[in-house]
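The file data-v8.txt contains compact mmCIF, C-alpha atoms:
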# COMPACT_ATOMS: atom_id res chain seq x y z
CA MET N 1 -147.20 44.59 -77.84
CA THR N 2 -148.52 44.98 -74.28
CA THR N 3 -146.88 46.75 -71.37
CA PRO N 4 -146.47 45.27 -67.88
CA TYR N 5 -149.05 47.80 -66.65
CA GLN N 6 -151.68 46.40 -69.02
CA HIS N 7 -151.20 42.87 -67.60
CA GLN N 8 -152.08 43.94 -64.02
CA ARG N 9 -155.64 43.01 -62.90
CA GLN N 10 -157.55 46.01 -61.61
CA PRO N 11 -159.72 45.48 -58.48
CA LEU N 12 -163.45 45.82 -58.93
CA GLY N 13 -164.37 48.70 -56.61
CA TYR N 14 -162.99 49.55 -53.18
CA VAL N 15 -161.73 46.72 -50.96
CA SER N 16 -161.48 47.58 -47.25
CA PRO N 17 -158.21 46.59 -45.58
CA ILE N 18 -160.17 45.78 -42.40
CA PRO N 19 -160.87 42.02 -42.18
CA VAL N 20 -164.58 41.22 -42.34
CA ARG N 21 -165.96 38.78 -39.77
CA ARG N 22 -169.36 37.73 -38.58
CA ALA N 23 -170.80 39.80 -35.73
CA THR N 24 -171.31 37.97 -32.43
CA LEU N 25 -173.24 38.54 -29.22
CA SER N 26 -170.13 40.06 -27.63
CA ASP N 27 -170.08 42.70 -30.38
CA ALA N 28 -173.73 43.51 -29.67
CA VAL N 29 -173.01 43.68 -25.93
CA ALA N 30 -170.10 46.07 -26.52
CA SER N 31 -172.32 48.25 -28.70
CA GLU N 32 -175.16 48.32 -26.16
CA TRP N 33 -172.74 49.11 -23.32
CA THR N 34 -171.40 52.07 -25.32
CA LYS N 35 -174.92 53.33 -25.98
CA LEU N 36 -176.11 52.85 -22.39
CA ARG N 37 -173.18 54.63 -20.75
CA SER N 38 -173.39 57.49 -23.26
CA LEU N 39 -177.06 58.14 -22.46
CA ARG N 40 -177.47 61.15 -20.18
CA SER N 41 -180.47 59.51 -18.51
CA THR N 42 -178.26 56.63 -17.32
CA MET N 43 -176.09 58.91 -15.21
CA TRP N 44 -179.08 60.74 -13.71
CA THR N 45 -181.20 57.69 -12.93
CA LEU N 46 -178.35 55.64 -11.45
CA GLY N 47 -177.09 58.69 -9.54
CA ALA N 48 -180.59 59.19 -8.10
CA LEU N 49 -180.76 55.49 -7.22
CA ILE N 50 -177.50 55.62 -5.26
CA PHE N 51 -178.47 58.91 -3.59
CA LEU N 52 -181.87 57.61 -2.44
CA ILE N 53 -180.57 54.29 -1.08
CA VAL N 54 -177.63 55.88 0.76
CA THR N 55 -179.32 59.05 2.04
CA VAL N 56 -182.61 57.52 3.16
CA GLY N 57 -180.88 54.49 4.68
CA VAL N 58 -178.34 56.51 6.67
CA LEU N 59 -180.94 59.06 7.83
CA ALA N 60 -183.22 56.25 9.00
CA ALA N 61 -180.35 54.76 11.02
CA VAL N 62 -179.44 58.12 12.59
CA ILE N 63 -183.05 58.91 13.54
CA SER N 64 -183.69 55.41 14.84
CA ASN N 65 -180.49 55.47 16.90
CA ALA N 66 -181.50 58.79 18.48
CA THR N 67 -185.14 58.00 19.20
CA SER N 68 -185.58 54.29 19.82
CA SER N 69 -183.98 51.34 21.55
CA THR N 70 -180.85 49.80 20.09
CA ASP N 71 -182.40 46.37 19.60
CA GLU N 72 -184.00 47.43 16.30
CA ASP N 73 -182.88 45.55 13.20
CA ALA N 74 -180.40 47.78 11.35
CA LEU N 75 -180.68 46.09 7.94
CA SER N 76 -184.47 46.53 7.76
CA LEU N 77 -183.99 50.31 7.78
CA GLY N 78 -182.71 50.11 4.21
CA PHE N 79 -186.17 49.17 2.90
CA SER N 80 -187.47 52.73 2.44
CA GLY N 81 -184.54 53.86 0.28
CA VAL N 82 -184.70 50.73 -1.86
CA LEU N 83 -188.46 51.14 -2.36
CA LEU N 84 -188.01 54.73 -3.58
CA SER N 85 -185.17 53.67 -5.89
CA THR N 86 -187.52 51.33 -7.81
CA ILE N 87 -188.76 54.42 -9.68
CA CYS N 88 -185.19 55.06 -10.93
CA VAL N 89 -184.72 51.44 -12.02
CA MET N 90 -188.04 51.33 -13.85
CA THR N 91 -187.33 54.64 -15.62
CA LEU N 92 -183.89 53.50 -16.79
CA GLY N 93 -185.27 50.14 -17.90
CA VAL N 94 -187.92 51.79 -20.04
CA LEU N 95 -185.53 54.38 -21.51
CA THR N 96 -182.97 51.71 -22.42
CA MET N 97 -185.39 50.65 -25.15
CA THR N 98 -187.74 53.57 -25.83
CA ALA N 99 -184.96 56.17 -26.17
CA GLU N 100 -183.96 54.48 -29.43
CA TYR N 101 -187.53 54.59 -30.71
CA GLY N 102 -187.76 58.26 -29.83
CA THR N 103 -184.59 59.25 -31.68
CA GLY N 104 -184.96 56.78 -34.57
CA MET N 105 -181.69 55.09 -33.54
CA ILE N 106 -183.53 51.75 -33.50
CA ARG N 107 -183.39 51.69 -37.33
CA THR N 108 -179.60 52.00 -37.27
CA THR N 109 -179.33 49.38 -34.54
CA LEU N 110 -181.44 46.82 -36.43
CA THR N 111 -179.63 47.57 -39.70
CA ALA N 112 -176.24 46.95 -38.10
CA CYS N 113 -177.53 43.88 -36.22
CA PRO N 114 -180.49 42.31 -38.08
CA SER N 115 -180.90 39.59 -35.42
CA ARG N 116 -183.51 41.13 -33.14
CA ALA N 117 -183.10 38.39 -30.55
CA ARG N 118 -179.42 39.31 -30.31
CA VAL N 119 -180.24 43.00 -29.87
CA LEU N 120 -182.77 42.28 -27.11
CA ALA N 121 -180.41 39.81 -25.39
CA ALA N 122 -177.52 42.29 -25.47
CA LYS N 123 -179.61 45.14 -24.08
CA SER N 124 -181.04 42.91 -21.34
CA LEU N 125 -177.64 41.49 -20.35
CA VAL N 126 -175.94 44.90 -20.11
CA PHE N 127 -178.81 46.47 -18.20
CA PHE N 128 -179.23 43.54 -15.79
CA LEU N 129 -175.54 43.32 -14.86
CA LEU N 130 -175.21 47.09 -14.42
CA VAL N 131 -178.24 47.48 -12.13
CA PHE N 132 -177.43 44.32 -10.16
CA ALA N 133 -173.82 45.38 -9.51
CA ILE N 134 -174.67 48.95 -8.47
CA THR N 135 -177.65 47.99 -6.29
CA THR N 136 -175.82 45.16 -4.52
CA LEU N 137 -172.76 47.32 -3.84
CA THR N 138 -174.84 50.27 -2.61
CA THR N 139 -177.09 48.22 -0.31
CA GLY N 140 -174.01 46.49 1.11
CA ILE N 141 -172.36 49.82 1.94
CA VAL N 142 -175.56 51.20 3.46
CA GLY N 143 -176.06 48.06 5.55
CA ALA N 144 -172.53 48.39 6.95
CA LEU N 145 -173.10 52.09 7.72
CA GLN N 146 -176.42 51.37 9.45
CA THR N 147 -174.86 48.65 11.60
CA THR N 148 -172.01 50.98 12.58
CA ILE N 149 -174.27 53.96 13.33
CA MET N 150 -176.67 51.93 15.50
CA ASP N 151 -173.83 49.99 17.13
CA VAL N 152 -175.70 46.68 16.98
CA PRO N 153 -174.37 43.18 16.29
CA SER N 154 -174.09 42.35 12.60
CA ALA N 155 -176.85 40.21 11.12
CA GLY N 156 -176.20 36.68 9.91
CA GLY N 157 -174.78 35.82 6.50
CA GLU N 158 -178.09 34.75 4.97
CA ARG N 159 -179.81 37.97 5.99
CA TRP N 160 -176.95 40.00 4.56
CA PHE N 161 -177.10 38.01 1.33
CA ARG N 162 -180.85 38.56 0.92
CA ALA N 163 -180.65 42.28 1.86
CA THR N 164 -177.86 42.94 -0.68
CA ALA N 165 -177.60 40.39 -3.52
CA GLY N 166 -181.27 39.41 -3.18
CA VAL N 167 -182.43 43.01 -3.41
CA GLY N 168 -180.01 43.61 -6.31
CA LEU N 169 -181.41 40.63 -8.25
CA TYR N 170 -185.01 41.70 -7.56
CA LEU N 171 -184.46 45.29 -8.72
CA ALA N 172 -182.53 44.15 -11.81
CA LEU N 173 -185.45 41.85 -12.75
CA LEU N 174 -187.92 44.68 -12.12
CA GLY N 175 -185.85 46.81 -14.49
CA LEU N 176 -185.89 44.05 -17.11
CA LEU N 177 -189.68 43.92 -16.78
CA SER N 178 -189.70 47.67 -17.48
CA LEU N 179 -187.45 47.15 -20.51
CA ALA N 180 -189.88 44.53 -21.84
CA VAL N 181 -192.83 46.90 -21.34
CA GLY N 182 -190.82 49.55 -23.21
CA VAL N 183 -190.45 47.15 -26.15
CA LEU N 184 -194.19 46.45 -26.14
CA ILE N 185 -195.34 50.06 -25.75
CA ARG N 186 -192.52 51.88 -27.63
CA HIS N 187 -193.36 55.08 -25.75
CA SER N 188 -191.42 56.34 -22.71
CA ALA N 189 -194.20 58.13 -20.81
CA GLY N 190 -196.73 55.36 -21.41
CA ALA N 191 -194.38 52.58 -20.35
CA ILE N 192 -193.22 54.41 -17.19
CA THR N 193 -196.84 55.10 -16.23
CA ILE N 194 -197.72 51.41 -16.64
CA MET N 195 -194.78 50.33 -14.47
CA ILE N 196 -195.63 52.80 -11.70
CA GLY N 197 -199.16 51.39 -11.79
CA VAL N 198 -197.79 47.83 -11.55
CA VAL N 199 -195.83 48.77 -8.42
CA LEU N 200 -198.32 50.99 -6.62
CA LEU N 201 -201.82 50.16 -7.84
CA PRO N 202 -202.28 46.77 -6.06
CA LEU N 203 -201.34 48.30 -2.70
CA VAL N 204 -203.56 51.38 -3.22
CA MET N 205 -206.51 49.22 -4.33
CA ALA N 206 -206.12 47.01 -1.27
CA LEU N 207 -206.30 50.04 1.03
CA PHE N 208 -209.80 50.88 -0.24
CA MET N 209 -211.20 47.33 -0.09
CA VAL N 210 -212.98 47.59 3.26
CA SER N 211 -215.75 45.10 2.52
CA ASP N 212 -215.48 41.68 4.19
CA GLY N 213 -216.46 40.03 0.92
CA LEU N 214 -213.26 41.33 -0.67
CA SER N 215 -210.98 40.29 2.18
CA GLY N 216 -209.37 37.44 0.19
CA LEU N 217 -208.53 39.67 -2.76
CA ARG N 218 -207.40 42.47 -0.42
CA ASP N 219 -205.00 40.18 1.43
CA ALA N 220 -203.60 38.82 -1.85
CA LEU N 221 -202.98 42.34 -3.17
CA PHE N 222 -201.24 43.25 0.08
CA GLU N 223 -199.07 40.16 0.17
CA TYR N 224 -198.02 40.05 -3.48
CA SER N 225 -197.61 43.76 -4.26
CA VAL N 226 -194.09 44.84 -5.18
CA PRO N 227 -193.50 46.86 -1.94
CA SER N 228 -194.58 43.86 0.16
CA GLN N 229 -192.33 41.52 -1.83
CA LEU N 230 -189.37 43.85 -1.35
CA ALA N 231 -190.04 43.98 2.38
CA VAL N 232 -189.68 40.18 2.54
CA PHE N 233 -185.96 40.54 1.75
CA TYR N 234 -185.68 42.46 5.04
CA ASP N 235 -187.76 39.89 6.99
CA ASN N 236 -190.62 42.36 7.07
CA SER N 237 -194.05 42.35 5.44
CA VAL N 238 -196.72 44.91 4.56
CA GLY N 239 -199.50 42.29 4.63
CA PRO N 240 -200.87 40.19 7.47
CA ALA N 241 -198.11 38.56 9.52
CA GLY N 242 -197.29 34.96 8.73
CA GLU N 243 -198.92 34.93 5.29
CA GLY N 244 -197.78 35.59 1.76
CA PRO N 245 -194.33 35.02 0.22
CA THR N 246 -191.34 34.37 2.47
CA GLY N 247 -187.59 33.91 2.03
CA TRP N 248 -186.65 33.92 -1.67
CA ASP N 249 -190.24 33.55 -2.95
CA PRO N 250 -190.47 37.16 -4.24
CA LEU N 251 -187.44 36.59 -6.45
CA TRP N 252 -189.01 33.54 -8.13
CA ILE N 253 -192.30 35.41 -8.62
CA MET N 254 -190.55 38.36 -10.26
CA LEU N 255 -188.41 35.99 -12.37
CA ALA N 256 -191.51 34.23 -13.75
CA VAL N 257 -193.29 37.51 -14.54
CA THR N 258 -190.19 38.98 -16.19
CA LEU N 259 -189.56 35.87 -18.32
CA ALA N 260 -193.16 35.97 -19.58
CA ALA N 261 -192.85 39.67 -20.42
CA MET N 262 -189.49 39.15 -22.18
CA VAL N 263 -190.96 36.39 -24.36
CA GLY N 264 -193.79 38.73 -25.34
CA ALA N 265 -191.30 41.52 -26.01
CA PHE N 266 -189.22 39.26 -28.25
CA PHE N 267 -192.19 38.25 -30.39
CA ALA N 268 -193.35 41.88 -30.62
CA LEU N 269 -189.88 43.06 -31.67
CA ASP N 270 -189.49 40.18 -34.13
CA ARG N 271 -192.89 40.54 -35.79
CA ARG N 272 -193.28 44.30 -35.94
CA ASP N 273 -191.65 46.79 -38.25
CA VAL N 274 -189.66 49.54 -36.56
File written out as structure tokens:
Amino acid sequence: MTTPYQHQRQPLGYVSPIPVRRATLSDAVASEWTKLRSLRSTMWTLGALIFLIVTVGVLAAVISNATSSTDEDALSLGFSGVLLSTICVMTLGVLTMTAEYGTGMIRTTLTACPSRARVLAAKSLVFFLLVFAITTLTTGIVGALQTTIMDVPSAGGERWFRATAGVGLYLALLGLLSLAVGVLIRHSAGAITIMIGVVLLPLVMALFMVSDGLSGLRDALFEYSVPSQLAVFYDNSVGPAGEGPTGWDPLWIMLAVTLAAMVGAFFALDRRDV
């Protein structure tokens, strides 16, 4: 004779009450956002970015208002602060990837999300949107402050769009390029050094090319260096006047370079072991 207890089927092992579902890109984005905002380097690099853009831009407007005529373009005074802030963007872009290699967290990340394309896409999306939003908002505030301080007529809508959203898109792409270099190098100091060289080396090399035989290469380095491309967003140029990229050309150049680097980063992440 059997008892009712003996007729009950016993579960095989522990069954979680939490429903199991397939992970999606939104789950990866939520995870990467949690990791990025919990990194101490994120607060410091973005804080330094905002400080440099605001402080240098406002100081330039105050000094210019006190020492020169009032017909100077107010928006162009934001160039110096934005150029200095590229170091912050590049550093954060590199650390977004290499910090996980340094701590070994990359093994946990790839175990939880085996799709490496999804991991790279989530990191890139979170980083791009964060840098674009902060840079665009900060440059917009600084542009309004500069116009008020110098008491000059406001620039047209297209110039405002290029000096705020255009600069934000360019810096966010430059940061993505740094993230891709971080994937390829897997070392923070090495990747940051390479990115500083990418930004500064063409301009420095051009300064020492005094020979007439190198004039073509010198002009190209001047016109297509990162500082010169950034200056185009403010209708200014480091290279010879009337030559080199104009309008939105720097954005397309940076987009092409970043896409090529991201493709290389994807194949490196997909083929290599952690």
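Counting only C-alpha atoms, the residue from N:Glu100, N:Thr24, N:Leu177, N:Leu207 that sits nearest to N:Pro114 is N:Thr24.
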Spatial neighbours of N:Val62, 9 Å, all atoms listed in the file, chain gap at least 5 places, as a list in words: Gly57, Thr67, Gln146, Ile149 and Met150 of chain N
Residues near N:Leu174, cut-off 10 Å, all atoms listed in the file, skip fewer than 5 positions along chain, as an MDAnalysis selection string: chainID N and resid 86 89:90 93 128 168:169 179:180 195 199 226 251 254:255 257:258
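Picture a line from atom CA of N:Ala28 to atom CA of N:Lys123; it runs 8.3 Å.
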Within 12 Å of N:Arg162 using only C-alpha atoms, minus same-chain residues under 4 positions, as a ChimeraX atom specification: /N:75-76,136,139-140,143,155-158,166-170,230-235,246-251
Nearest to N:Leu203 by atom-to-atom distance, counting all atoms listed in the file, from N:Phe132, N:Pro227, N:Leu184, N:Ser215: N:Pro227
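Between atom CA of N:Leu259 and atom CA of N:Thr96 the interatomic distance comes to 17.6 Å.
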Exercise: residues within 12 Å of coordinate (-193.9, 52.8, -25.1), counting only C-alpha atoms, as a PyMOL selection string: chain N and resi 91+93-102+178-195+265
Pairwise distance for atom CA of N:Ala206 and atom CA of N:Ala220, rounded to one decimal in Å: 8.6 Å
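In this comparison, which uses all atoms listed in the file, the residue of N:Leu176, N:Met209, N:Ala60, N:Val198 approaching N:Ala121 most closely is N:Leu176.
Shortest separation to N:Thr148 among N:Leu39, N:Phe266, N:Asn236, N:Ala74 occurs at residue N:Ala74, atoms counted being all atoms listed in the file.
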For N:Leu217: contacts at 12 Å, only C-alpha atoms, fewer than 2 positions along chain excluded, given as a PyMOL selection string: chain N and resi 202-203+205-215+219-225+239
Selected residue of minimal separation from N:Ala261 among N:Ile134, N:Gly175, N:Ile87, N:Ala122, counting only C-alpha atoms: N:Gly175
Which residue of N:Glu32, N:Asp151, N:Gly47, N:Val15 approaches N:Met105 most closely, using all atoms listed in the file: N:Glu32
